[in-house]
file my_file-v1.pdb (PDB, C-alpha atoms)
ATOM      1  CA  MET A   1       1.047 -20.663  25.786
ATOM      2  CA  LYS A   2       4.666 -21.862  25.615
ATOM      3  CA  LYS A   3       6.947 -19.630  23.565
ATOM      4  CA  SER A   4       8.623 -21.404  20.644
ATOM      5  CA  THR A   5      12.397 -21.840  20.778
ATOM      6  CA  ILE A   6      15.136 -22.207  18.205
ATOM      7  CA  ASN A   7      15.150 -25.929  18.992
ATOM      8  CA  ASP A   8      11.451 -26.163  18.060
ATOM      9  CA  VAL A   9      12.203 -24.500  14.727
ATOM     10  CA  ALA A  10      15.095 -26.873  14.038
ATOM     11  CA  LYS A  11      12.962 -29.917  14.819
ATOM     12  CA  LEU A  12      10.062 -28.824  12.595
ATOM     13  CA  ALA A  13      12.369 -27.827   9.726
ATOM     14  CA  LYS A  14      14.384 -31.064  10.112
ATOM     15  CA  VAL A  15      17.716 -29.226  10.291
ATOM     16  CA  SER A  16      20.319 -28.661  12.975
ATOM     17  CA  ARG A  17      20.114 -25.903  15.561
ATOM     18  CA  GLY A  18      23.264 -24.413  14.032
ATOM     19  CA  THR A  19      21.621 -24.194  10.596
ATOM     20  CA  VAL A  20      18.685 -22.284  12.098
ATOM     21  CA  SER A  21      21.148 -19.990  13.877
ATOM     22  CA  ASN A  22      22.953 -19.334  10.594
ATOM     23  CA  PHE A  23      19.605 -18.520   8.945
ATOM     24  CA  ILE A  24      18.661 -16.073  11.709
ATOM     25  CA  ASN A  25      22.073 -14.394  11.606
ATOM     26  CA  GLY A  26      21.996 -13.906   7.861
ATOM     27  CA  LYS A  27      24.677 -16.465   6.992
ATOM     28  CA  PRO A  28      24.443 -18.416   3.717
ATOM     29  CA  ILE A  29      22.691 -21.788   3.858
ATOM     30  CA  ARG A  30      21.206 -24.067   1.214
ATOM     31  CA  LYS A  31      18.036 -22.782  -0.430
ATOM     32  CA  GLU A  32      15.925 -25.795   0.550
ATOM     33  CA  ASN A  33      16.963 -25.426   4.188
ATOM     34  CA  ARG A  34      16.238 -21.697   4.098
ATOM     35  CA  GLU A  35      12.726 -22.325   2.780
ATOM     36  CA  ARG A  36      11.976 -25.017   5.385
ATOM     37  CA  ILE A  37      13.252 -22.850   8.236
ATOM     38  CA  ALA A  38      11.225 -19.838   7.055
ATOM     39  CA  GLU A  39       8.082 -21.975   6.925
ATOM     40  CA  ALA A  40       8.782 -23.432  10.389
ATOM     41  CA  ILE A  41       9.272 -19.949  11.828
ATOM     42  CA  ARG A  42       5.973 -18.885  10.286
ATOM     43  CA  GLN A  43       4.069 -21.892  11.621
ATOM     44  CA  LEU A  44       5.506 -21.573  15.115
ATOM     45  CA  ASN A  45       5.316 -17.762  15.214
ATOM     46  CA  TYR A  46       8.917 -17.904  16.396
ATOM     47  CA  VAL A  47      10.512 -14.517  17.080
ATOM     48  CA  PRO A  48      14.330 -14.532  17.340
ATOM     49  CA  ASN A  49      16.001 -12.723  20.214
ATOM     50  CA  VAL A  50      16.785  -9.560  18.271
ATOM     51  CA  MET A  51      19.022  -7.965  20.886
ATOM     52  CA  ALA A  52      21.183 -11.083  21.174
ATOM     53  CA  ARG A  53      21.371 -11.275  17.396
ATOM     54  CA  GLU A  54      22.585  -7.688  17.124
ATOM     55  CA  LEU A  55      25.200  -8.111  19.875
ATOM     56  CA  LYS A  56      26.506 -11.256  18.241
ATOM     57  CA  THR A  57      26.614 -10.016  14.674
ATOM     58  CA  SER A  58      27.116  -6.246  15.198
ATOM     59  CA  LYS A  59      24.361  -5.864  12.616
ATOM     60  CA  SER A  60      21.260  -3.727  12.969
ATOM     61  CA  SER A  61      17.913  -5.514  12.765
ATOM     62  CA  THR A  62      15.870  -2.365  12.211
ATOM     63  CA  VAL A  63      13.820  -1.582   9.106
ATOM     64  CA  VAL A  64      12.369   1.885   8.548
ATOM     65  CA  PHE A  65       8.912   2.022   6.953
ATOM     66  CA  ILE A  66       7.985   5.373   5.386
ATOM     67  CA  VAL A  67       4.340   6.235   4.706
ATOM     68  CA  PRO A  68       2.866   9.602   3.700
ATOM     69  CA  THR A  69       0.294   9.313   6.505
ATOM     70  CA  ASN A  70      -1.261   6.718   8.796
ATOM     71  CA  TRP A  71      -4.475   8.701   9.180
ATOM     72  CA  THR A  72      -6.578   6.674   6.720
ATOM     73  CA  PRO A  73      -7.825   3.070   7.169
ATOM     74  CA  PHE A  74      -5.718   1.884   4.228
ATOM     75  CA  PHE A  75      -2.433   3.122   5.657
ATOM     76  CA  SER A  76      -3.396   1.906   9.131
ATOM     77  CA  GLU A  77      -3.958  -1.589   7.736
ATOM     78  CA  LEU A  78      -0.710  -1.423   5.780
ATOM     79  CA  VAL A  79       1.285  -0.379   8.860
ATOM     80  CA  TYR A  80      -0.300  -3.111  10.986
ATOM     81  CA  HIS A  81       0.581  -5.909   8.572
ATOM     82  CA  MET A  82       4.062  -4.508   7.950
ATOM     83  CA  GLN A  83       4.917  -4.537  11.647
ATOM     84  CA  VAL A  84       3.593  -8.095  12.063
ATOM     85  CA  GLU A  85       5.507  -9.385   9.037
ATOM     86  CA  LEU A  86       8.785  -7.700   9.964
ATOM     87  CA  ASP A  87       8.461  -8.948  13.538
ATOM     88  CA  GLN A  88       7.924 -12.512  12.345
ATOM     89  CA  ASN A  89      11.111 -12.222  10.293
ATOM     90  CA  GLY A  90      13.133 -10.960  13.253
ATOM     91  CA  TYR A  91      13.199  -7.235  12.437
ATOM     92  CA  LYS A  92      12.171  -4.194  14.434
ATOM     93  CA  MET A  93      10.207  -1.520  12.599
ATOM     94  CA  ILE A  94      10.561   2.237  12.841
ATOM     95  CA  LEU A  95       7.466   3.947  11.412
ATOM     96  CA  ALA A  96       8.182   7.284   9.733
ATOM     97  CA  ASN A  97       5.304   9.529   8.653
ATOM     98  CA  SER A  98       6.610  11.831   5.919
ATOM     99  CA  HIS A  99       3.412  13.833   5.233
ATOM    100  CA  ALA A 100       4.501  13.546   1.553
ATOM    101  CA  ASP A 101       7.077  16.245   2.275
ATOM    102  CA  PRO A 102      10.389  15.862   0.347
ATOM    103  CA  THR A 103      12.327  17.704   3.069
ATOM    104  CA  LYS A 104      10.893  15.431   5.746
ATOM    105  CA  GLU A 105      11.712  12.374   3.683
ATOM    106  CA  GLU A 106      15.314  13.501   3.235
ATOM    107  CA  GLU A 107      15.627  13.903   7.014
ATOM    108  CA  ILE A 108      14.281  10.368   7.501
ATOM    109  CA  LEU A 109      16.729   8.964   4.965
ATOM    110  CA  GLN A 110      19.647  10.788   6.587
ATOM    111  CA  MET A 111      18.613   9.368   9.956
ATOM    112  CA  ALA A 112      18.389   5.874   8.513
ATOM    113  CA  SER A 113      21.807   6.191   6.892
ATOM    114  CA  LEU A 114      23.525   7.623   9.978
ATOM    115  CA  HIS A 115      22.072   4.991  12.296
ATOM    116  CA  GLN A 116      22.918   2.237   9.834
ATOM    117  CA  VAL A 117      19.505   0.617   9.790
ATOM    118  CA  THR A 118      19.423  -2.635   7.907
ATOM    119  CA  GLY A 119      16.763  -1.638   5.374
ATOM    120  CA  LEU A 120      14.063   0.782   4.312
ATOM    121  CA  ILE A 121      10.626   0.178   2.801
ATOM    122  CA  THR A 122       8.863   3.229   1.432
ATOM    123  CA  MET A 123       5.467   4.184   0.099
ATOM    124  CA  SER A 124       6.480   7.635  -1.027
ATOM    125  CA  TYR A 125       4.274  10.145  -2.803
ATOM    126  CA  SER A 126       7.078  12.686  -2.808
ATOM    127  CA  ASP A 127      10.433  13.405  -4.441
ATOM    128  CA  VAL A 128      12.091  10.250  -5.809
ATOM    129  CA  TYR A 129      15.488  12.011  -5.980
ATOM    130  CA  ASN A 130      15.943  11.514  -2.247
ATOM    131  CA  PHE A 131      15.639   7.750  -2.592
ATOM    132  CA  ILE A 132      17.891   7.574  -5.661
ATOM    133  CA  HIS A 133      20.476   9.675  -3.811
ATOM    134  CA  PHE A 134      20.515   7.356  -0.802
ATOM    135  CA  GLY A 135      20.046   4.171  -2.805
ATOM    136  CA  ASN A 136      23.702   3.180  -2.708
ATOM    137  CA  GLN A 137      23.787   3.544   1.093
ATOM    138  CA  LEU A 138      20.599   1.703   2.033
ATOM    139  CA  ASN A 139      18.699  -1.446   1.125
ATOM    140  CA  ILE A 140      15.473   0.040  -0.271
ATOM    141  CA  VAL A 141      12.194  -1.474  -1.485
ATOM    142  CA  SER A 142       9.387   0.722  -2.845
ATOM    143  CA  ILE A 143       5.667   0.042  -2.585
ATOM    144  CA  GLU A 144       3.408   1.417  -5.316
ATOM    145  CA  ARG A 145       5.792   3.955  -6.862
ATOM    146  CA  PHE A 146       8.627   3.405  -9.332
ATOM    147  CA  ILE A 147      11.843   5.032  -8.117
ATOM    148  CA  SER A 148      14.542   3.528 -10.338
ATOM    149  CA  ASP A 149      15.572   0.182 -11.814
ATOM    150  CA  ASP A 150      17.857  -0.255  -8.810
ATOM    151  CA  VAL A 151      14.944  -0.167  -6.335
ATOM    152  CA  PRO A 152      12.581  -3.192  -6.341
ATOM    153  CA  LEU A 153       8.930  -2.225  -6.811
ATOM    154  CA  ILE A 154       5.940  -3.956  -5.203
ATOM    155  CA  THR A 155       2.532  -2.720  -6.308
ATOM    156  CA  SER A 156      -1.073  -3.469  -7.209
ATOM    157  CA  ASP A 157      -2.484  -3.411 -10.726
ATOM    158  CA  ASN A 158      -3.596   0.209 -10.517
ATOM    159  CA  TYR A 159      -4.410   0.535 -14.211
ATOM    160  CA  GLY A 160      -6.410  -2.688 -14.103
ATOM    161  CA  GLY A 161      -8.200  -1.397 -11.023
ATOM    162  CA  GLY A 162      -9.358   1.648 -12.953
ATOM    163  CA  VAL A 163     -10.607  -0.601 -15.753
ATOM    164  CA  LEU A 164     -12.440  -2.829 -13.260
ATOM    165  CA  ALA A 165     -14.112   0.188 -11.613
ATOM    166  CA  ALA A 166     -15.365   1.428 -14.993
ATOM    167  CA  GLN A 167     -16.697  -2.014 -15.942
ATOM    168  CA  LYS A 168     -18.522  -2.397 -12.617
ATOM    169  CA  LEU A 169     -20.181   1.021 -12.948
ATOM    170  CA  ILE A 170     -21.243   0.247 -16.520
ATOM    171  CA  ASP A 171     -22.648  -3.125 -15.383
ATOM    172  CA  LYS A 172     -24.656  -1.291 -12.706
ATOM    173  CA  GLY A 173     -26.311   0.757 -15.449
ATOM    174  CA  ALA A 174     -24.485   4.073 -15.082
ATOM    175  CA  LYS A 175     -24.639   6.355 -18.147
ATOM    176  CA  LYS A 176     -22.914   9.584 -17.113
ATOM    177  CA  PHE A 177     -19.593   9.370 -15.314
ATOM    178  CA  LEU A 178     -17.330  11.375 -13.052
ATOM    179  CA  LEU A 179     -13.736  10.726 -12.033
ATOM    180  CA  LEU A 180     -12.849  12.189  -8.638
ATOM    181  CA  ARG A 181      -9.207  12.784  -7.676
ATOM    182  CA  ARG A 182      -6.699  15.361  -6.443
ATOM    183  CA  LYS A 183      -4.036  17.189  -8.389
ATOM    184  CA  VAL A 184      -0.515  15.734  -8.210
ATOM    185  CA  ASN A 185       2.988  17.197  -8.475
ATOM    186  CA  HIS A 186       4.359  14.059 -10.091
ATOM    187  CA  GLN A 187       3.094  10.834 -11.607
ATOM    188  CA  ASN A 188       1.864   8.260  -9.103
ATOM    189  CA  ALA A 189      -0.521   5.319  -8.749
ATOM    190  CA  THR A 190      -3.639   7.490  -8.901
ATOM    191  CA  ASP A 191      -2.638   8.520 -12.438
ATOM    192  CA  GLN A 192      -2.628   4.865 -13.478
ATOM    193  CA  ARG A 193      -6.049   4.341 -11.889
ATOM    194  CA  THR A 194      -7.277   7.427 -13.720
ATOM    195  CA  GLN A 195      -5.908   6.216 -17.056
ATOM    196  CA  GLY A 196      -7.452   2.772 -16.761
ATOM    197  CA  PHE A 197     -10.848   4.244 -15.917
ATOM    198  CA  MET A 198     -10.797   6.947 -18.614
ATOM    199  CA  ASP A 199      -9.608   4.567 -21.346
ATOM    200  CA  THR A 200     -12.475   2.178 -20.609
ATOM    201  CA  ILE A 201     -15.153   4.888 -20.456
ATOM    202  CA  HIS A 202     -13.911   6.487 -23.674
ATOM    203  CA  GLU A 203     -13.873   3.109 -25.443
ATOM    204  CA  GLN A 204     -17.553   2.717 -24.522
ATOM    205  CA  ARG A 205     -18.228   6.300 -25.671
ATOM    206  CA  PHE A 206     -19.877   7.410 -22.435
ATOM    207  CA  PRO A 207     -19.737  11.047 -21.305
ATOM    208  CA  VAL A 208     -17.250  11.592 -18.475
ATOM    209  CA  ASP A 209     -16.030  14.577 -16.452
ATOM    210  CA  ILE A 210     -13.070  14.904 -14.090
ATOM    211  CA  PHE A 211     -12.926  16.860 -10.856
ATOM    212  CA  GLU A 212      -9.524  17.436  -9.307
ATOM    213  CA  ALA A 213      -9.356  18.882  -5.817
ATOM    214  CA  SER A 214      -6.248  20.900  -5.008
ATOM    215  CA  LEU A 215      -3.245  19.858  -2.922
ATOM    216  CA  ASN A 216      -4.291  22.308  -0.222
ATOM    217  CA  GLU A 217      -5.285  21.073   3.236
ATOM    218  CA  ASN A 218      -8.917  22.074   2.611
ATOM    219  CA  TYR A 219      -9.334  19.647  -0.319
ATOM    220  CA  GLN A 220     -12.179  17.868   1.506
ATOM    221  CA  SER A 221     -14.184  21.100   1.582
ATOM    222  CA  GLU A 222     -13.510  21.534  -2.126
ATOM    223  CA  ILE A 223     -14.959  18.103  -2.872
ATOM    224  CA  ILE A 224     -18.025  18.776  -0.719
ATOM    225  CA  GLU A 225     -18.606  22.134  -2.421
ATOM    226  CA  TYR A 226     -18.274  20.557  -5.864
ATOM    227  CA  PHE A 227     -20.980  18.009  -5.136
ATOM    228  CA  LYS A 228     -23.229  20.623  -3.549
ATOM    229  CA  THR A 229     -23.049  22.617  -6.773
ATOM    230  CA  HIS A 230     -23.748  19.620  -9.013
ATOM    231  CA  TYR A 231     -26.390  17.725  -7.016
ATOM    232  CA  GLU A 232     -28.399  20.407  -5.276
ATOM    233  CA  TYR A 233     -30.794  20.746  -8.213
ATOM    234  CA  GLY A 234     -30.620  17.358  -9.884
ATOM    235  CA  LEU A 235     -28.725  14.159 -10.654
ATOM    236  CA  ALA A 236     -25.501  15.268 -12.333
ATOM    237  CA  PHE A 237     -23.703  11.879 -12.532
ATOM    238  CA  ASP A 238     -24.905   8.348 -11.882
ATOM    239  CA  GLY A 239     -21.485   6.656 -11.962
ATOM    240  CA  ILE A 240     -18.540   7.981  -9.927
ATOM    241  CA  PHE A 241     -15.044   6.551  -9.586
ATOM    242  CA  ALA A 242     -12.950   8.051  -6.794
ATOM    243  CA  VAL A 243      -9.244   7.150  -6.864
ATOM    244  CA  THR A 244      -9.255   6.576  -3.069
ATOM    245  CA  ASP A 245     -11.875   5.363  -0.612
ATOM    246  CA  GLU A 246     -11.585   8.625   1.295
ATOM    247  CA  TYR A 247     -12.793  10.658  -1.680
ATOM    248  CA  ALA A 248     -15.540   8.098  -2.353
ATOM    249  CA  GLN A 249     -16.841   8.392   1.211
ATOM    250  CA  ILE A 250     -16.940  12.203   0.988
ATOM    251  CA  ALA A 251     -18.859  11.976  -2.285
ATOM    252  CA  LYS A 252     -21.302   9.390  -0.919
ATOM    253  CA  SER A 253     -22.175  11.260   2.281
ATOM    254  CA  THR A 254     -22.467  14.636   0.539
ATOM    255  CA  ILE A 255     -24.685  13.421  -2.313
ATOM    256  CA  ASN A 256     -26.967  11.441   0.006
ATOM    257  CA  SER A 257     -27.423  14.491   2.219
ATOM    258  CA  PHE A 258     -29.349  16.226  -0.579
ATOM    259  CA  ASN A 259     -31.795  13.484  -1.384
ATOM    260  CA  PRO A 260     -32.132  10.006   0.175
ATOM    261  CA  ASP A 261     -33.216   8.674  -3.245
ATOM    262  CA  TYR A 262     -29.736   9.384  -4.608
ATOM    263  CA  LYS A 263     -28.460   6.430  -2.574
ATOM    264  CA  ASP A 264     -30.079   4.075  -5.084
ATOM    265  CA  LYS A 265     -29.492   6.231  -8.160
ATOM    266  CA  VAL A 266     -25.783   7.066  -7.884
ATOM    267  CA  ASN A 267     -23.162   4.305  -7.924
ATOM    268  CA  ILE A 268     -19.816   5.214  -6.352
ATOM    269  CA  ILE A 269     -16.656   3.106  -6.363
ATOM    270  CA  GLY A 270     -13.487   3.953  -4.459
ATOM    271  CA  PHE A 271     -10.007   2.441  -4.468
ATOM    272  CA  ASP A 272      -8.060   0.623  -1.715
ATOM    273  CA  GLY A 273     -10.779  -1.493  -0.123
ATOM    274  CA  ALA A 274      -9.710  -0.640   3.408
ATOM    275  CA  ARG A 275     -11.858  -1.024   6.517
ATOM    276  CA  ASP A 276     -12.007   0.919   9.773
ATOM    277  CA  SER A 277     -11.080  -2.216  11.749
ATOM    278  CA  GLN A 278     -10.294  -5.866  11.097
ATOM    279  CA  PHE A 279     -13.888  -7.098  11.108
ATOM    280  CA  ALA A 280     -15.687  -3.896  10.124
ATOM    281  CA  PRO A 281     -17.683  -3.859   6.862
ATOM    282  CA  TYR A 282     -16.492  -1.912   3.838
ATOM    283  CA  ARG A 283     -17.991   1.581   3.899
ATOM    284  CA  VAL A 284     -18.085   2.006   0.103
ATOM    285  CA  ASP A 285     -17.895  -0.198  -2.973
ATOM    286  CA  SER A 286     -14.197  -0.322  -3.763
ATOM    287  CA  ILE A 287     -11.296  -1.807  -5.677
ATOM    288  CA  ARG A 288      -9.331  -3.652  -2.992
ATOM    289  CA  GLN A 289      -5.574  -3.872  -2.917
ATOM    290  CA  PRO A 290      -4.216  -7.173  -1.495
ATOM    291  CA  VAL A 291      -2.425  -5.541   1.438
ATOM    292  CA  GLU A 292      -1.097  -8.711   3.070
ATOM    293  CA  GLN A 293       0.385  -9.994  -0.195
ATOM    294  CA  ILE A 294       2.043  -6.649  -0.880
ATOM    295  CA  VAL A 295       3.539  -6.547   2.603
ATOM    296  CA  LYS A 296       4.795 -10.143   2.516
ATOM    297  CA  GLU A 297       6.488  -9.570  -0.836
ATOM    298  CA  ALA A 298       8.059  -6.285   0.295
ATOM    299  CA  VAL A 299       9.492  -7.921   3.424
ATOM    300  CA  SER A 300      10.666 -10.949   1.450
ATOM    301  CA  VAL A 301      12.558  -8.736  -1.004
ATOM    302  CA  ILE A 302      14.078  -6.445   1.654
ATOM    303  CA  LYS A 303      15.258  -9.565   3.483
ATOM    304  CA  ARG A 304      16.938 -10.826   0.310
ATOM    305  CA  LEU A 305      18.726  -7.497  -0.040
ATOM    306  CA  ILE A 306      19.770  -7.541   3.612
ATOM    307  CA  ASP A 307      21.067 -11.111   3.277
ATOM    308  CA  GLY A 308      23.175 -10.092   0.301
ATOM    309  CA  GLU A 309      21.181 -12.080  -2.248
ATOM    310  CA  GLU A 310      20.948 -10.779  -5.769
ATOM    311  CA  VAL A 311      17.675  -9.101  -6.725
ATOM    312  CA  GLU A 312      17.466  -8.564 -10.455
ATOM    313  CA  LYS A 313      17.669  -5.026 -11.804
ATOM    314  CA  GLY A 314      14.236  -3.607 -12.564
ATOM    315  CA  TYR A 315      12.497  -6.056 -10.201
ATOM    316  CA  LYS A 316       8.728  -5.498 -10.186
ATOM    317  CA  LYS A 317       5.889  -7.483  -8.637
ATOM    318  CA  ILE A 318       2.318  -6.499  -9.528
ATOM    319  CA  PHE A 319      -0.617  -8.013  -7.621
ATOM    320  CA  ASP A 320      -4.163  -8.330  -8.935
ATOM    321  CA  VAL A 321      -6.920  -6.236  -7.360
ATOM    322  CA  SER A 322     -10.542  -7.210  -6.682
ATOM    323  CA  PHE A 323     -13.955  -5.588  -6.311
ATOM    324  CA  VAL A 324     -15.574  -5.457  -2.856
ATOM    325  CA  GLU A 325     -19.040  -4.215  -1.940
ATOM    326  CA  ALA A 326     -20.068  -1.836   0.823
ATOM    327  CA  GLY A 327     -21.479  -3.619   3.850
ATOM    328  CA  ASN A 328     -19.451  -6.782   3.216
ATOM    329  CA  ASP A 329     -17.222  -7.732   6.139
ATOM    330  CA  GLY A 330     -14.685  -9.479   3.903
TER
END

call {"tool": "encode", "arguments": {"input": "my_file-v1.pdb", "output": "structure tokens"}}
result
Amino acid sequence: MKKSTINDVAKLAKVSRGTVSNFINGKPIRKENRERIAEAIRQLNYVPNVMARELKTSKSSTVVFIVPTNWTPFFSELVYHMQVELDQNGYKMILANSHADPTKEEEILQMASLHQVTGLITMSYSDVYNFIHFGNQLNIVSIERFISDDVPLITSDNYGGGVLAAQKLIDKGAKKFLLLRRKVNHQNATDQRTQGFMDTIHEQRFPVDIFEASLNENYQSEIIEYFKTHYEYGLAFDGIFAVTDEYAQIAKSTINSFNPDYKDKVNIIGFDGARDSQFAPYRVDSIRQPVEQIVKEAVSVIKRLIDGEEVEKGYKKIFDVSFVEAGNDG
């Protein structure tokens, strides 16, 4: 298949080759031209010659993407779409796995600052001070977690997701509920999911318990042990909301191991709606985050920052979530 050229982009966008070149090199052009060129690049899957662009402009085209881990299906999907979207916009991506460690994150930020990368997108579960400290040196966009009014925030409706999970479990006939999560050192998205779920259950006056696993590395064993204790001799809860799909899968496999009948008697809903591969079915009922929309918005905003466009103080974009069922391939 023939590779698209800058001339192809210019023809489709109905602008001159020089206007496309100015767009690629971050120079100011009229808004309507910018929008047409961006759409032409998307349709043609045109990838600018990044090395030539850097030599010509003396400007880095590298964006660092920080995630706490890429071990789970959700983060794997997020990383995949981020790399595709950045590539389509002419940027190289450096993936940095912070393991939610503030010290590690500070090292990553220092590296990014010293090497003068053009931007940084983060999904940090760690110390926000690091990002505030480096905020005046780097173009930063945050996914899911509020850092400061100076850092644009892209996120899902986590509170609404908790509400939706509670409503779905109630609709399925659940009467006794459990919220499954891990302890946190600071407020994050799982707290919002928790609040939405608990507010809805309390409004309906249903009994509800909370189990919080520790922050230790053996948290999975803690969850398994909890369910062994509560399901070995009977049906403790018939409606469970886990704030991530990972916790939901642990709960599902552990409970079902005691009694096959529990599969039809206990309803479990997770959060993220990630799959093991592109066409794999969902492994648990879940509240799905719109990963592609989140990524596209994050890249769009970081590009605006890189291009020197004004992004309003306190910028926040919240995307709706949806309910997906186990076994559905999307």

call {"tool": "closest_residue", "arguments": {"input": "my_file-v1.pdb", "among": "A:Asp245, A:Glu225, A:Asp238, A:Glu232", "to": "A:Phe206", "atoms": "only C-alpha atoms"}}
result
A:Asp238

call {"tool": "closest_residue", "arguments": {"input": "my_file-v1.pdb", "among": "A:Gly314, A:Pro281, A:Gly327, A:Gly234", "to": "A:Ile255", "atoms": "all atoms listed in the file"}}
result
A:Gly234

call {"tool": "residues_around", "arguments": {"input": "my_file-v1.pdb", "residues": "stretch 86-97 of chain A", "least_positions_apart": "2", "cutoff": "7 Å", "atoms": "all atoms listed in the file", "output": "PyMOL selection string"}}
result
chain A and resi 42+45-48+50+61-69+82-84+99+299

call {"tool": "closest_residue", "arguments": {"input": "my_file-v1.pdb", "among": "A:Ile318, A:Val311, A:Ala274, A:Ile250", "to": "A:Gly160", "atoms": "all atoms listed in the file"}}
result
A:Ile318

call {"tool": "resolve_selection", "arguments": {"input": "my_file-v1.pdb", "expression": "the PyMOL selection byres ((chain A and resi 269) around 8)", "output": "list of chain:residue names"}}
result
A:Ala165, A:Leu169, A:Ile240, A:Phe241, A:Ala242, A:Asp245, A:Ala248, A:Asn267, A:Ile268, A:Gly270, A:Phe271, A:Val284, A:Asp285, A:Ser286, A:Ile287

call {"tool": "atom_distance", "arguments": {"input": "my_file-v1.pdb", "atom1": "atom CA of A:Asp199", "atom2": "atom CA of A:Glu246"}}
result
23.1 Å

call {"tool": "atom_distance", "arguments": {"input": "my_file-v1.pdb", "atom1": "atom CA of A:Ser277", "atom2": "atom CA of A:Ser322"}}
result
19.1 Å

call {"tool": "axis_aligned_box", "arguments": {"input": "my_file-v1.pdb", "around": "stretch 267-281 of chain A", "padding_each_side": "4 Å", "output": "lines of an AutoDock Vina configuration file"}}
result
center_x = -15.6
center_y = -0.9
center_z = 1.9
size_x = 23.1
size_y = 20.3
size_z = 27.7

call {"tool": "atom_distance", "arguments": {"input": "my_file-v1.pdb", "atom1": "atom CA of A:Phe237", "atom2": "atom CA of A:Gln187"}}
result
26.8 Å

call {"tool": "residues_near_point", "arguments": {"input": "my_file-v1.pdb", "point": "(7.9, -25.1, 17.6)", "cutoff": "8 Å", "atoms": "all atoms listed in the file", "output": "list of chain:residue names"}}
result
A:Ser4, A:Thr5, A:Ile6, A:Asn7, A:Asp8, A:Val9, A:Lys11, A:Leu12, A:Ala40, A:Ile41, A:Gln43, A:Leu44, A:Tyr46

call {"tool": "closest_residue", "arguments": {"input": "my_file-v1.pdb", "among": "A:Asp320, A:Glu217, A:Glu310, A:Ala166", "to": "A:Met198", "atoms": "only C-alpha atoms"}}
result
A:Ala166

call {"tool": "closest_residue", "arguments": {"input": "my_file-v1.pdb", "among": "A:Ile201, A:Ile140, A:Ile302, A:Ile294", "to": "A:Leu164", "atoms": "all atoms listed in the file"}}
result
A:Ile201
